[in-house]
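Participant: The file below is input20.txt, compact mmCIF, C-alpha atoms and all ligand atoms:
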```
# COMPACT_ATOMS: atom_id res chain seq x y z
CA MET A 16 -127.64 -2.53 73.05
CA SER A 17 -126.52 -3.46 76.54
CA THR A 18 -127.66 -6.10 78.98
CA PRO A 19 -129.20 -5.15 82.37
CA ARG A 20 -126.86 -4.44 85.28
CA THR A 21 -125.47 -7.62 86.84
CA LEU A 22 -125.31 -6.06 90.32
CA GLU A 23 -126.66 -2.85 91.80
CA TRP A 24 -126.42 -1.33 95.24
CA HIS A 25 -129.61 0.36 96.37
CA GLY A 26 -129.53 3.00 99.09
CA GLU A 27 -126.83 4.10 101.50
CA THR A 28 -125.17 2.11 104.29
CA ASP A 29 -128.55 0.62 105.24
CA GLY A 30 -129.18 -0.43 101.62
CA TYR A 31 -129.23 -3.80 99.86
CA LEU A 32 -127.65 -5.58 96.91
CA ARG A 33 -129.80 -6.37 93.88
CA LEU A 34 -128.43 -8.91 91.46
CA ILE A 35 -129.60 -10.81 88.41
CA ASP A 36 -130.31 -14.39 89.45
CA GLN A 37 -128.16 -16.06 86.81
CA THR A 38 -129.40 -19.55 87.66
CA LEU A 39 -132.72 -18.61 86.00
CA LEU A 40 -131.28 -17.33 82.72
CA PRO A 41 -132.01 -17.45 79.85
CA ASN A 42 -135.63 -18.38 80.52
CA GLN A 43 -136.30 -15.76 83.18
CA LEU A 44 -134.62 -12.43 83.83
CA GLU A 45 -135.26 -11.98 87.52
CA TYR A 46 -133.57 -9.97 90.22
CA ARG A 47 -132.77 -11.10 93.71
CA ASP A 48 -132.34 -8.71 96.60
CA CYS A 49 -129.73 -9.64 99.21
CA ARG A 50 -130.35 -8.02 102.59
CA THR A 51 -128.25 -10.30 104.78
CA VAL A 52 -124.66 -11.46 104.47
CA GLU A 53 -125.95 -15.05 104.45
CA GLU A 54 -127.99 -14.24 101.35
CA VAL A 55 -124.91 -12.81 99.64
CA TRP A 56 -122.89 -15.92 100.58
CA GLU A 57 -125.63 -18.18 99.23
CA ALA A 58 -125.91 -16.17 96.01
CA ILE A 59 -122.17 -16.59 95.38
CA ARG A 60 -122.09 -20.26 96.38
CA SER A 61 -125.06 -21.24 94.23
CA LEU A 62 -123.87 -19.20 91.22
CA ARG A 63 -126.78 -16.76 91.25
CA VAL A 64 -123.93 -14.29 90.90
CA ARG A 65 -120.82 -15.77 89.29
CA GLY A 66 -117.74 -14.90 87.27
CA ALA A 67 -114.59 -13.81 89.08
CA PRO A 68 -115.01 -9.98 89.05
CA ALA A 69 -118.74 -10.14 89.86
CA ILE A 70 -118.05 -12.43 92.82
CA GLY A 71 -115.57 -9.88 94.19
CA ILE A 72 -118.02 -7.00 93.80
CA ALA A 73 -120.85 -8.96 95.45
CA ALA A 74 -118.61 -9.86 98.38
CA ALA A 75 -117.57 -6.23 98.86
CA PHE A 76 -121.21 -5.16 99.16
CA GLY A 77 -121.77 -8.25 101.34
CA VAL A 78 -119.35 -6.73 103.85
CA VAL A 79 -121.41 -3.52 103.96
CA ILE A 80 -124.54 -5.59 104.59
CA GLY A 81 -122.81 -7.68 107.26
CA LEU A 82 -121.91 -4.54 109.21
CA GLN A 83 -125.45 -3.13 109.21
CA ARG A 84 -126.49 -4.54 112.55
CA LEU A 85 -123.61 -4.77 114.96
CA PRO A 86 -124.40 -7.49 117.53
CA GLU A 87 -122.59 -5.50 120.21
CA ARG A 88 -121.27 -1.99 120.55
CA GLY A 89 -118.09 -0.74 122.05
CA ARG A 90 -114.45 -0.53 121.11
CA GLY A 91 -113.24 -3.31 118.86
CA ALA A 92 -116.75 -4.62 118.06
CA PHE A 93 -116.72 -3.14 114.57
CA GLN A 94 -113.34 -4.57 113.71
CA GLN A 95 -114.21 -7.97 115.13
CA ARG A 96 -117.47 -8.11 113.16
CA LEU A 97 -115.64 -7.00 110.01
CA ARG A 98 -113.19 -9.87 110.42
CA GLU A 99 -116.04 -12.34 110.97
CA VAL A 100 -118.04 -11.16 107.97
CA SER A 101 -115.01 -11.11 105.69
CA GLY A 102 -113.88 -14.54 106.92
CA TYR A 103 -117.34 -15.96 106.29
CA LEU A 104 -117.56 -14.58 102.74
CA ARG A 105 -114.11 -16.02 102.01
CA THR A 106 -115.60 -19.51 102.43
CA SER A 107 -118.17 -19.03 99.64
CA ARG A 108 -115.97 -20.13 96.70
CA PRO A 109 -112.22 -20.86 96.61
CA THR A 110 -110.85 -20.34 93.09
CA ALA A 111 -111.60 -16.81 91.88
CA VAL A 112 -108.95 -14.64 93.52
CA ASN A 113 -111.06 -11.52 92.92
CA LEU A 114 -113.14 -12.59 95.95
CA PHE A 115 -110.11 -12.47 98.26
CA TRP A 116 -108.71 -9.37 96.56
CA ALA A 117 -111.97 -7.48 97.14
CA LEU A 118 -112.25 -8.63 100.77
CA ASP A 119 -108.62 -7.66 101.45
CA ARG A 120 -109.41 -4.22 100.07
CA MET A 121 -112.51 -3.91 102.23
CA GLU A 122 -110.60 -4.85 105.38
CA SER A 123 -107.62 -2.63 104.70
CA CYS A 124 -109.68 0.47 103.82
CA VAL A 125 -110.58 0.88 107.49
CA THR A 126 -107.31 -0.37 108.97
CA GLY A 127 -105.87 2.20 111.34
CA ARG A 128 -109.17 4.11 111.59
CA THR A 129 -111.11 1.89 113.97
CA GLU A 130 -109.78 3.63 117.08
CA THR A 131 -110.46 7.15 115.86
CA GLN A 132 -113.66 6.91 113.83
CA SER A 133 -117.22 6.05 114.78
CA PRO A 134 -118.90 2.85 113.53
CA GLU A 135 -121.08 5.04 111.27
CA GLN A 136 -118.01 6.69 109.73
CA LEU A 137 -116.31 3.32 109.22
CA HIS A 138 -119.46 1.89 107.67
CA ARG A 139 -119.65 4.79 105.21
CA ARG A 140 -115.99 4.21 104.33
CA LEU A 141 -116.75 0.54 103.57
CA LEU A 142 -119.63 1.48 101.28
CA GLN A 143 -117.38 3.97 99.50
CA GLU A 144 -114.79 1.23 98.94
CA ALA A 145 -117.36 -1.29 97.66
CA ARG A 146 -118.67 1.32 95.23
CA ALA A 147 -115.10 2.04 94.10
CA ILE A 148 -114.48 -1.67 93.46
CA HIS A 149 -117.67 -1.78 91.40
CA ASP A 150 -116.90 1.38 89.40
CA GLU A 151 -113.26 0.47 88.81
CA ASP A 152 -114.29 -2.92 87.45
CA LEU A 153 -116.47 -1.20 84.88
CA ALA A 154 -113.55 0.93 83.70
CA MET A 155 -111.18 -2.08 83.69
CA CYS A 156 -113.54 -4.16 81.56
CA ARG A 157 -114.07 -1.36 79.07
CA ARG A 158 -110.29 -0.87 78.79
CA ILE A 159 -109.71 -4.63 78.29
CA GLY A 160 -112.19 -4.47 75.43
CA GLU A 161 -110.40 -1.52 73.85
CA ILE A 162 -106.98 -3.17 74.16
CA GLY A 163 -108.10 -6.59 72.91
CA ALA A 164 -110.46 -5.56 70.11
CA ALA A 165 -107.67 -5.31 67.53
CA LEU A 166 -107.05 -9.05 67.88
CA ILE A 167 -110.33 -9.79 66.10
CA GLY A 168 -110.01 -9.49 62.34
CA PRO A 169 -112.88 -8.97 59.88
CA GLY A 170 -114.81 -12.13 59.08
CA GLN A 171 -113.09 -14.21 61.75
CA GLY A 172 -114.58 -16.93 63.91
CA VAL A 173 -113.90 -16.44 67.62
CA LEU A 174 -114.41 -19.24 70.11
CA THR A 175 -115.07 -18.68 73.80
CA HIS A 176 -115.73 -20.93 76.78
CA CYS A 177 -117.99 -20.38 79.79
CA ASN A 178 -119.18 -16.79 80.31
CA ALA A 179 -116.75 -13.93 80.68
CA GLY A 180 -119.27 -11.28 79.75
CA ALA A 181 -121.26 -8.50 81.39
CA LEU A 182 -122.92 -11.05 83.66
CA ALA A 183 -119.54 -12.10 85.07
CA THR A 184 -118.48 -8.52 85.84
CA SER A 185 -119.93 -5.07 86.47
CA ASP A 186 -120.59 -4.75 82.71
CA TYR A 187 -118.97 -5.57 79.31
CA GLY A 188 -117.06 -8.53 80.73
CA THR A 189 -113.50 -9.45 79.83
CA ALA A 190 -113.40 -11.91 76.92
CA LEU A 191 -116.76 -10.64 75.67
CA ALA A 192 -115.68 -7.00 76.11
CA VAL A 193 -113.09 -7.66 73.40
CA MET A 194 -115.92 -8.77 71.12
CA PHE A 195 -118.28 -5.95 72.08
CA VAL A 196 -115.67 -3.28 71.33
CA ALA A 197 -114.63 -4.94 68.04
CA ARG A 198 -118.30 -4.88 67.06
CA GLU A 199 -118.61 -1.21 68.09
CA GLN A 200 -115.65 -0.52 65.83
CA GLY A 201 -117.70 -1.92 62.97
CA ARG A 202 -116.02 -5.30 62.48
CA GLU A 203 -118.17 -8.24 61.38
CA PHE A 204 -117.22 -11.58 62.91
CA SER A 205 -118.97 -14.51 64.49
CA VAL A 206 -118.62 -16.30 67.79
CA PHE A 207 -118.67 -19.98 68.69
CA ALA A 208 -119.85 -20.40 72.27
CA ASP A 209 -118.99 -23.67 74.02
CA GLU A 210 -122.04 -24.74 76.01
CA THR A 211 -119.74 -25.41 79.02
CA ARG A 212 -120.75 -28.51 80.90
CA PRO A 213 -122.01 -29.13 83.50
CA LEU A 214 -123.73 -25.84 84.34
CA LEU A 215 -123.99 -24.48 80.79
CA GLN A 216 -122.75 -20.93 81.38
CA GLY A 217 -121.89 -20.78 77.66
CA ALA A 218 -125.33 -21.87 76.49
CA ARG A 219 -127.38 -20.07 79.10
CA LEU A 220 -125.37 -16.87 79.56
CA THR A 221 -122.86 -16.21 76.76
CA ALA A 222 -125.30 -17.14 73.99
CA TRP A 223 -127.92 -14.94 75.66
CA GLU A 224 -125.59 -11.95 76.04
CA LEU A 225 -124.32 -12.14 72.47
CA GLN A 226 -127.84 -12.44 71.16
CA GLN A 227 -128.91 -9.41 73.22
CA ARG A 228 -126.08 -7.37 71.69
CA GLY A 229 -126.69 -8.57 68.14
CA ILE A 230 -123.41 -10.46 67.68
CA PRO A 231 -123.76 -13.59 65.52
CA CYS A 232 -123.26 -16.58 67.81
CA THR A 233 -123.30 -20.31 67.18
CA LEU A 234 -123.69 -22.60 70.16
CA ILE A 235 -121.69 -25.82 70.18
CA CYS A 236 -121.38 -28.65 72.69
CA ASP A 237 -117.97 -28.71 74.34
CA ASN A 238 -116.97 -31.88 72.50
CA MET A 239 -117.51 -30.22 69.09
CA ALA A 240 -114.72 -27.65 69.42
CA ALA A 241 -112.07 -29.87 67.78
CA GLN A 242 -114.23 -30.50 64.74
CA VAL A 243 -115.16 -26.84 64.38
CA MET A 244 -111.47 -25.89 64.53
CA LYS A 245 -110.52 -28.60 62.03
CA GLU A 246 -113.13 -27.24 59.64
CA GLY A 247 -111.28 -23.90 59.74
CA LYS A 248 -114.13 -22.00 61.32
CA VAL A 249 -112.14 -20.58 64.26
CA GLN A 250 -109.25 -18.09 63.94
CA LEU A 251 -109.07 -16.91 67.55
CA VAL A 252 -109.93 -18.13 71.06
CA VAL A 253 -110.57 -15.65 73.90
CA VAL A 254 -111.55 -16.77 77.40
CA GLY A 255 -111.70 -15.23 80.87
CA ALA A 256 -109.83 -16.22 84.02
CA ASP A 257 -110.46 -16.87 87.70
CA ARG A 258 -106.87 -16.72 88.90
CA ILE A 259 -103.58 -16.15 87.10
CA ALA A 260 -100.31 -17.17 88.77
CA ALA A 261 -97.09 -15.16 88.50
CA ASN A 262 -95.85 -17.24 85.54
CA GLY A 263 -99.12 -16.83 83.61
CA ASP A 264 -100.67 -20.24 84.35
CA THR A 265 -104.40 -19.52 84.29
CA ALA A 266 -107.32 -21.10 86.11
CA ASN A 267 -110.64 -20.79 84.31
CA LYS A 268 -113.83 -22.81 83.92
CA ILE A 269 -113.32 -26.55 83.56
CA GLY A 270 -112.72 -27.37 79.91
CA THR A 271 -110.60 -24.29 79.17
CA TYR A 272 -107.37 -26.31 79.28
CA GLY A 273 -108.77 -28.72 76.69
CA VAL A 274 -109.73 -25.80 74.44
CA ALA A 275 -106.18 -24.41 74.74
CA LEU A 276 -104.68 -27.76 73.74
CA LEU A 277 -107.02 -27.96 70.76
CA ALA A 278 -106.15 -24.40 69.74
CA GLN A 279 -102.45 -25.25 69.86
CA ALA A 280 -103.00 -28.40 67.77
CA HIS A 281 -104.76 -26.32 65.10
CA GLY A 282 -102.37 -23.33 65.20
CA ILE A 283 -105.07 -20.99 66.56
CA PRO A 284 -103.98 -18.21 68.97
CA PHE A 285 -105.45 -18.64 72.45
CA TYR A 286 -105.86 -15.45 74.52
CA VAL A 287 -106.94 -14.81 78.10
CA ALA A 288 -108.70 -11.55 79.03
CA ALA A 289 -108.63 -10.54 82.70
CA PRO A 290 -108.31 -7.48 84.93
CA SER A 291 -105.29 -7.04 87.21
CA SER A 292 -107.50 -8.10 90.15
CA THR A 293 -107.44 -11.66 88.75
CA PHE A 294 -103.66 -12.05 89.11
CA ASP A 295 -102.25 -13.80 92.17
CA LEU A 296 -98.55 -12.98 92.17
CA SER A 297 -98.11 -14.83 95.47
CA LEU A 298 -98.32 -18.10 93.51
CA ALA A 299 -95.26 -19.00 91.44
CA ASN A 300 -97.34 -21.17 89.09
CA GLY A 301 -100.73 -22.74 88.64
CA ASP A 302 -100.04 -25.77 90.86
CA GLY A 303 -100.96 -23.74 93.94
CA ILE A 304 -104.35 -22.55 92.65
CA PRO A 305 -107.17 -24.08 94.74
CA ILE A 306 -109.65 -25.84 92.49
CA GLU A 307 -113.26 -25.84 93.61
CA GLN A 308 -114.94 -29.25 93.75
CA ARG A 309 -118.70 -29.02 93.31
CA ASP A 310 -121.74 -31.16 94.04
CA PRO A 311 -121.80 -34.42 92.01
CA ARG A 312 -125.48 -33.80 91.34
CA GLU A 313 -124.50 -31.01 88.94
CA VAL A 314 -123.21 -33.83 86.71
CA THR A 315 -125.78 -36.55 87.43
CA HIS A 316 -128.92 -34.41 87.77
CA GLY A 317 -128.23 -31.42 85.54
CA PHE A 318 -131.19 -29.04 85.57
CA GLY A 319 -133.50 -31.40 87.37
CA ARG A 320 -133.34 -34.61 85.37
CA GLN A 321 -131.29 -37.63 86.40
CA THR A 322 -128.93 -38.56 83.56
CA ALA A 323 -126.63 -41.11 85.24
CA PRO A 324 -127.23 -44.24 87.33
CA GLU A 325 -127.84 -43.82 91.04
CA GLY A 326 -124.67 -44.16 93.12
CA ILE A 327 -122.18 -43.65 90.26
CA ALA A 328 -118.85 -42.09 91.30
CA VAL A 329 -118.48 -38.52 90.01
CA TYR A 330 -115.55 -36.13 89.78
CA ASN A 331 -116.65 -32.52 89.38
CA PRO A 332 -113.82 -29.96 89.48
CA ALA A 333 -115.24 -26.56 88.51
CA PHE A 334 -111.97 -25.19 87.09
CA ASP A 335 -108.77 -26.30 85.39
CA VAL A 336 -105.41 -24.64 84.86
CA THR A 337 -104.09 -23.79 81.42
CA PRO A 338 -100.28 -23.64 81.38
CA ALA A 339 -98.79 -20.33 80.27
CA ARG A 340 -97.02 -22.00 77.32
CA LEU A 341 -100.41 -22.49 75.63
CA ILE A 342 -101.45 -18.84 76.04
CA ALA A 343 -100.51 -16.44 73.23
CA GLY A 344 -101.26 -13.37 75.34
CA ILE A 345 -103.14 -11.98 78.34
CA ILE A 346 -105.26 -8.90 77.73
CA THR A 347 -105.40 -6.72 80.86
CA GLU A 348 -106.64 -3.18 81.44
CA LYS A 349 -102.99 -2.11 81.71
CA GLY A 350 -101.93 -3.58 78.39
CA LEU A 351 -101.37 -6.78 76.45
CA ILE A 352 -98.90 -9.28 77.95
CA ARG A 353 -97.36 -11.09 74.99
CA PRO A 354 -95.47 -13.37 75.21
CA VAL A 355 -96.71 -14.60 78.57
CA GLU A 356 -93.68 -14.51 80.85
CA GLU A 357 -93.29 -13.80 84.54
CA ALA A 358 -91.02 -10.79 84.02
CA ALA A 359 -93.53 -9.20 81.65
CA ILE A 360 -96.41 -9.88 84.06
CA ARG A 361 -94.56 -8.36 87.01
CA ALA A 362 -93.40 -5.39 84.97
CA LEU A 363 -96.93 -4.58 83.83
CA LEU A 364 -98.69 -5.15 87.14
CA GLY A 365 -96.01 -3.59 89.32
O1 LIG A 401 -118.20 -21.01 87.92
P1 LIG A 401 -118.26 -19.67 87.27
O2 LIG A 401 -119.44 -19.51 86.36
O3 LIG A 401 -118.14 -18.55 88.27
O4 LIG A 401 -116.96 -19.61 86.36
C1 LIG A 401 -116.70 -18.43 85.65
C2 LIG A 401 -115.53 -18.50 84.76
O5 LIG A 401 -114.83 -19.47 84.70
C3 LIG A 401 -115.22 -17.24 83.99
O6 LIG A 401 -114.65 -17.55 82.76
C4 LIG A 401 -114.23 -16.39 84.79
O7 LIG A 401 -114.71 -16.17 86.08
C5 LIG A 401 -113.95 -15.10 84.15
S1 LIG A 401 -115.27 -13.95 84.30
C6 LIG A 401 -114.83 -12.49 83.59
```
Output the structure of this file as structure tokens.
Ligand code: MRU

Facilitator:
Amino acid sequence: MSTPRTLEWHGETDGYLRLIDQTLLPNQLEYRDCRTVEEVWEAIRSLRVRGAPAIGIAAAFGVVIGLQRLPERGRGAFQQRLREVSGYLRTSRPTAVNLFWALDRMESCVTGRTETQSPEQLHRRLLQEARAIHDEDLAMCRRIGEIGAALIGPGQGVLTHCNAGALATSDYGTALAVMFVAREQGREFSVFADETRPLLQGARLTAWELQQRGIPCTLICDNMAAQVMKEGKVQLVVVGADRIAANGDTANKIGTYGVALLAQAHGIPFYVAAPSSTFDLSLANGDGIPIEQRDPREVTHGFGRQTAPEGIAVYNPAFDVTPARLIAGIITEKGLIRPVEEAAIRALLG
């Protein structure tokens, strides 16, 4: 059984982007139609669409939407508007490199054509590229699942953090794709899903997805992971990634670094699953990865109820960086990088 499509483009160049509003899950499965670039920006910023690959896909279609009504005609207007729209979408969230990767692709697919082709031709080319980004992500996720599935042994307990599933991508996901394919291959295992404070992507999204696909899942609060590991219930950790530096240092949802340290302390292999679009080889290591800081109210007023005193100081980084030395391997659509070393990463990604 599969979950509904995270994102869907409806129509041709004058179409719109339909996405699952993930802020409403698991209580309501509702779709939101984005018909302006501002709506796409807002959907990314407010996590209606989230997860590194899904953010990149949404932004690519956002470019198509942003070019629908050119404010002025004439030579150069298309290119100028493209730069504006892309620049605007780049400000939606800073950490997932897939956003910038997708926007770079959108800009460069029309580079060198703006003088010779009509705005209509260029617009069609942009839609073609956005669709390619979407379709390629589907194939990459499936391949990650096929490559990583062998890591899950029969009867094992697998722990994951945040949501790196179908909802975070075009379909299948990355970390969850590994589980979905292992299940398709007939292996029985169970998953521990960290609830993932403060926005509960693990509880709201991962638990929902695994339940939909019939994979046994036990939800735990983030601070229970050490105890669950100590009790011998976890044999493998697989998480997703938002940006991976050239040396393998990996940014992912806040709390991932702590899980990696716990896994090391208990001798449990810790794997990252991510497509090649999540690597940022321009960064030597994780120190240069921009970490998104989010609204303090996500911590003090989670889901509408105040749970901390008025005026309390809050620190709310949305991501942390797990050093490569804690990562047993990185599962990509091109193969498994193990051990995690810069030379191996560069050799595989080219
Ligand atoms: O803030 P979010 O929900 O966008 O964070 C998502 C994650 O950290 C995921 O683990 C990551 O993007 C990988 S998704 C395949």

Participant: Can you tell me which residues come within 7 Å of ligand LIG 401 (chain A) when counting all atoms listed in the file, ideally as JSON, numbers by chain?

Facilitator: {"A": [62, 65, 66, 67, 68, 111, 176, 177, 178, 179, 180, 183, 184, 188, 189, 190, 216, 254, 255, 256, 257, 267, 268, 289, 333, 334]}

Participant: I want to know what sits within 9 Å of stretch 30-43 of chain A, based on only C-alpha atoms, with residues of the same chain fewer than 5 positions away left out; could you give that as a PyMOL selection string?

Facilitator: chain A and resi 19-25+48-51+55+58+61-65+73+76-77+79-80+83+182+218-220+222-223

Participant: Can you work out the spacing between atom CA of A:Gly163 and atom CA of A:Asn300 in Å, to one decimal?

Facilitator: 24.3 Å

Participant: Point out the residue among A:Asp209, A:Glu135, A:Asp152, A:Glu54 with the least atom-to-atom distance to A:Asp29, counting all atoms listed in the file.

Facilitator: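 Under the stated criterion, the closest residue is A:Glu135.
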
Participant: One decimal, Å: what's the distance from atom CA of A:Tyr330 over to atom CA of A:Leu298, could you say?

Facilitator: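 Distance between the two atoms: 25.2 Å.
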
Participant: Report the distance between atom CA of A:Ile148 and atom CA of A:Ile72 in Å, rounded to one decimal place.

Facilitator: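 Calculated distance between atom CA of A:Ile148 and atom CA of A:Ile72 is 6.4 Å.
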
Participant: Determine, counting only C-alpha atoms, every residue of protein, DNA or RNA that lies within 12 Å of (-114.4, -29.0, 67.9) in the file coordinates, then give the result as a PDB file with C-alpha atoms, in the coordinates of the input.

Facilitator:
```
ATOM      1  CA  LEU A 174    -114.410 -19.240  70.110  1.00  0.00           C
ATOM      2  CA  THR A 175    -115.070 -18.680  73.800  1.00  0.00           C
ATOM      3  CA  PHE A 207    -118.670 -19.980  68.690  1.00  0.00           C
ATOM      4  CA  ALA A 208    -119.850 -20.400  72.270  1.00  0.00           C
ATOM      5  CA  ASP A 209    -118.990 -23.670  74.020  1.00  0.00           C
ATOM      6  CA  GLU A 210    -122.040 -24.740  76.010  1.00  0.00           C
ATOM      7  CA  LEU A 234    -123.690 -22.600  70.160  1.00  0.00           C
ATOM      8  CA  ILE A 235    -121.690 -25.820  70.180  1.00  0.00           C
ATOM      9  CA  CYS A 236    -121.380 -28.650  72.690  1.00  0.00           C
ATOM     10  CA  ASP A 237    -117.970 -28.710  74.340  1.00  0.00           C
ATOM     11  CA  ASN A 238    -116.970 -31.880  72.500  1.00  0.00           C
ATOM     12  CA  MET A 239    -117.510 -30.220  69.090  1.00  0.00           C
ATOM     13  CA  ALA A 240    -114.720 -27.650  69.420  1.00  0.00           C
ATOM     14  CA  ALA A 241    -112.070 -29.870  67.780  1.00  0.00           C
ATOM     15  CA  GLN A 242    -114.230 -30.500  64.740  1.00  0.00           C
ATOM     16  CA  VAL A 243    -115.160 -26.840  64.380  1.00  0.00           C
ATOM     17  CA  MET A 244    -111.470 -25.890  64.530  1.00  0.00           C
ATOM     18  CA  LYS A 245    -110.520 -28.600  62.030  1.00  0.00           C
ATOM     19  CA  GLU A 246    -113.130 -27.240  59.640  1.00  0.00           C
ATOM     20  CA  GLY A 247    -111.280 -23.900  59.740  1.00  0.00           C
ATOM     21  CA  LYS A 248    -114.130 -22.000  61.320  1.00  0.00           C
ATOM     22  CA  VAL A 249    -112.140 -20.580  64.260  1.00  0.00           C
ATOM     23  CA  GLY A 273    -108.770 -28.720  76.690  1.00  0.00           C
ATOM     24  CA  VAL A 274    -109.730 -25.800  74.440  1.00  0.00           C
ATOM     25  CA  ALA A 275    -106.180 -24.410  74.740  1.00  0.00           C
ATOM     26  CA  LEU A 276    -104.680 -27.760  73.740  1.00  0.00           C
ATOM     27  CA  LEU A 277    -107.020 -27.960  70.760  1.00  0.00           C
ATOM     28  CA  ALA A 278    -106.150 -24.400  69.740  1.00  0.00           C
ATOM     29  CA  ALA A 280    -103.000 -28.400  67.770  1.00  0.00           C
ATOM     30  CA  HIS A 281    -104.760 -26.320  65.100  1.00  0.00           C
TER      31      HIS A 281
END
```

Participant: What box, with edges along x, y and z, holds each listed atom of stretch 72-80 of chain A when 4 Å is added on every side, and can you state its centre and edge lengths in Å to one decimal, as AutoDock Vina command-line options?

Facilitator:
```
--center_x -121.1 --center_y -6.7 --center_z 99.2 --size_x 15.0 --size_y 14.3 --size_z 18.8
```

Participant: Give as number ranges by chain each residue that has an atom at most 12 Å from (-93.8, -22.1, 78.5) in the file, counting all atoms listed in the file.

Facilitator: A: 262-264, 300, 337-344, 354-357

Participant: Counting all atoms listed in the file, figure out which residue out of A:Asp295, A:Glu161, A:Glu224, A:Asp186 gets nearest to A:Gln200.

Facilitator: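 For A:Gln200, the nearest of the candidates is A:Glu161.
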
Participant: Could you pull the residues within 12 Å of A:Gly317, counting all atoms listed in the file, minus those fewer than 4 positions along the same chain, as a list in words?

Facilitator: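 Skipping anything fewer than 4 positions along the chain leaves Arg212, Pro213, Leu214, Leu215, Asp310, Pro311, Arg312, Glu313, Gln321, Thr322 and Ala323 of chain A.
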
Participant: For A:Met155, which residue out of A:Thr211, A:Thr315, A:Ser291, A:Gln132 is the nearest one, using all atoms listed in the file?

Facilitator: A:Ser291

Participant: Between A:Phe93, A:Ala266, A:Asp335, A:Ala164, which has the minimum distance to A:Gly201 (counting all atoms listed in the file)?

Facilitator: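 Of A:Phe93, A:Ala266, A:Asp335, A:Ala164, the one nearest A:Gly201, counting all atoms listed in the file, is A:Ala164.
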
Participant: Of the candidates A:Gly160, A:Pro332, A:Arg105, A:Gln95, which one gets nearest to A:Val193 if we count only C-alpha atoms?

Facilitator: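 Looking only at the distances to A:Val193, the closest residue turns out to be A:Gly160.
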
Participant: Can you tell me, as a PDB file with C-alpha atoms, in the frame of the given file, what residues are no more than 10 Å from A:Val100 when counting all atoms listed in the file, ignoring any on the same chain fewer than 6 positions away?

Facilitator:
```
ATOM      1  CA  VAL A  52    -124.660 -11.460 104.470  1.00  0.00           C
ATOM      2  CA  GLU A  53    -125.950 -15.050 104.450  1.00  0.00           C
ATOM      3  CA  ALA A  74    -118.610  -9.860  98.380  1.00  0.00           C
ATOM      4  CA  GLY A  77    -121.770  -8.250 101.340  1.00  0.00           C
ATOM      5  CA  VAL A  78    -119.350  -6.730 103.850  1.00  0.00           C
ATOM      6  CA  VAL A  79    -121.410  -3.520 103.960  1.00  0.00           C
ATOM      7  CA  ILE A  80    -124.540  -5.590 104.590  1.00  0.00           C
ATOM      8  CA  GLY A  81    -122.810  -7.680 107.260  1.00  0.00           C
ATOM      9  CA  LEU A  82    -121.910  -4.540 109.210  1.00  0.00           C
ATOM     10  CA  GLN A  94    -113.340  -4.570 113.710  1.00  0.00           C
ATOM     11  CA  LEU A 118    -112.250  -8.630 100.770  1.00  0.00           C
TER      12      LEU A 118
END
```

Participant: Smallest atom-to-atom distance to A:Asn113: which of A:Leu141, A:Val253, A:Ala69, A:Ile306, using all atoms listed in the file?

Facilitator: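 Among the listed residues, A:Ala69 lies closest to A:Asn113.
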
Participant: Would you mind writing stretch 45-52 of chain A with N, CA, C and O atoms, as a short mmCIF file (atom, residue, chain, number, x, y, z; two decimals), in the frame of the given file?

Facilitator:
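Ended up saving to out.cif:
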```
data_model
loop_
_atom_site.label_atom_id
_atom_site.label_comp_id
_atom_site.auth_asym_id
_atom_site.auth_seq_id
_atom_site.Cartn_x
_atom_site.Cartn_y
_atom_site.Cartn_z
N GLU A 45 -134.70 -12.38 86.23
CA GLU A 45 -135.26 -11.98 87.52
C GLU A 45 -134.16 -11.46 88.42
O GLU A 45 -133.03 -11.93 88.37
N TYR A 46 -134.53 -10.54 89.29
CA TYR A 46 -133.57 -9.97 90.22
C TYR A 46 -133.77 -10.57 91.60
O TYR A 46 -134.88 -10.98 91.95
N ARG A 47 -132.70 -10.61 92.34
CA ARG A 47 -132.77 -11.10 93.71
C ARG A 47 -132.16 -10.03 94.61
O ARG A 47 -131.08 -9.53 94.32
N ASP A 48 -132.84 -9.72 95.67
CA ASP A 48 -132.34 -8.71 96.60
C ASP A 48 -131.69 -9.40 97.79
O ASP A 48 -132.32 -10.24 98.44
N CYS A 49 -130.44 -9.07 98.06
CA CYS A 49 -129.73 -9.64 99.21
C CYS A 49 -129.70 -8.60 100.32
O CYS A 49 -129.14 -7.51 100.13
N ARG A 50 -130.28 -8.96 101.45
CA ARG A 50 -130.35 -8.02 102.59
C ARG A 50 -129.60 -8.54 103.80
O ARG A 50 -129.53 -7.87 104.82
N THR A 51 -129.08 -9.77 103.70
CA THR A 51 -128.25 -10.30 104.78
C THR A 51 -126.96 -10.85 104.17
O THR A 51 -126.94 -11.20 102.98
N VAL A 52 -125.94 -10.94 104.99
CA VAL A 52 -124.66 -11.46 104.47
C VAL A 52 -124.81 -12.94 104.09
O VAL A 52 -124.18 -13.42 103.16
#
```
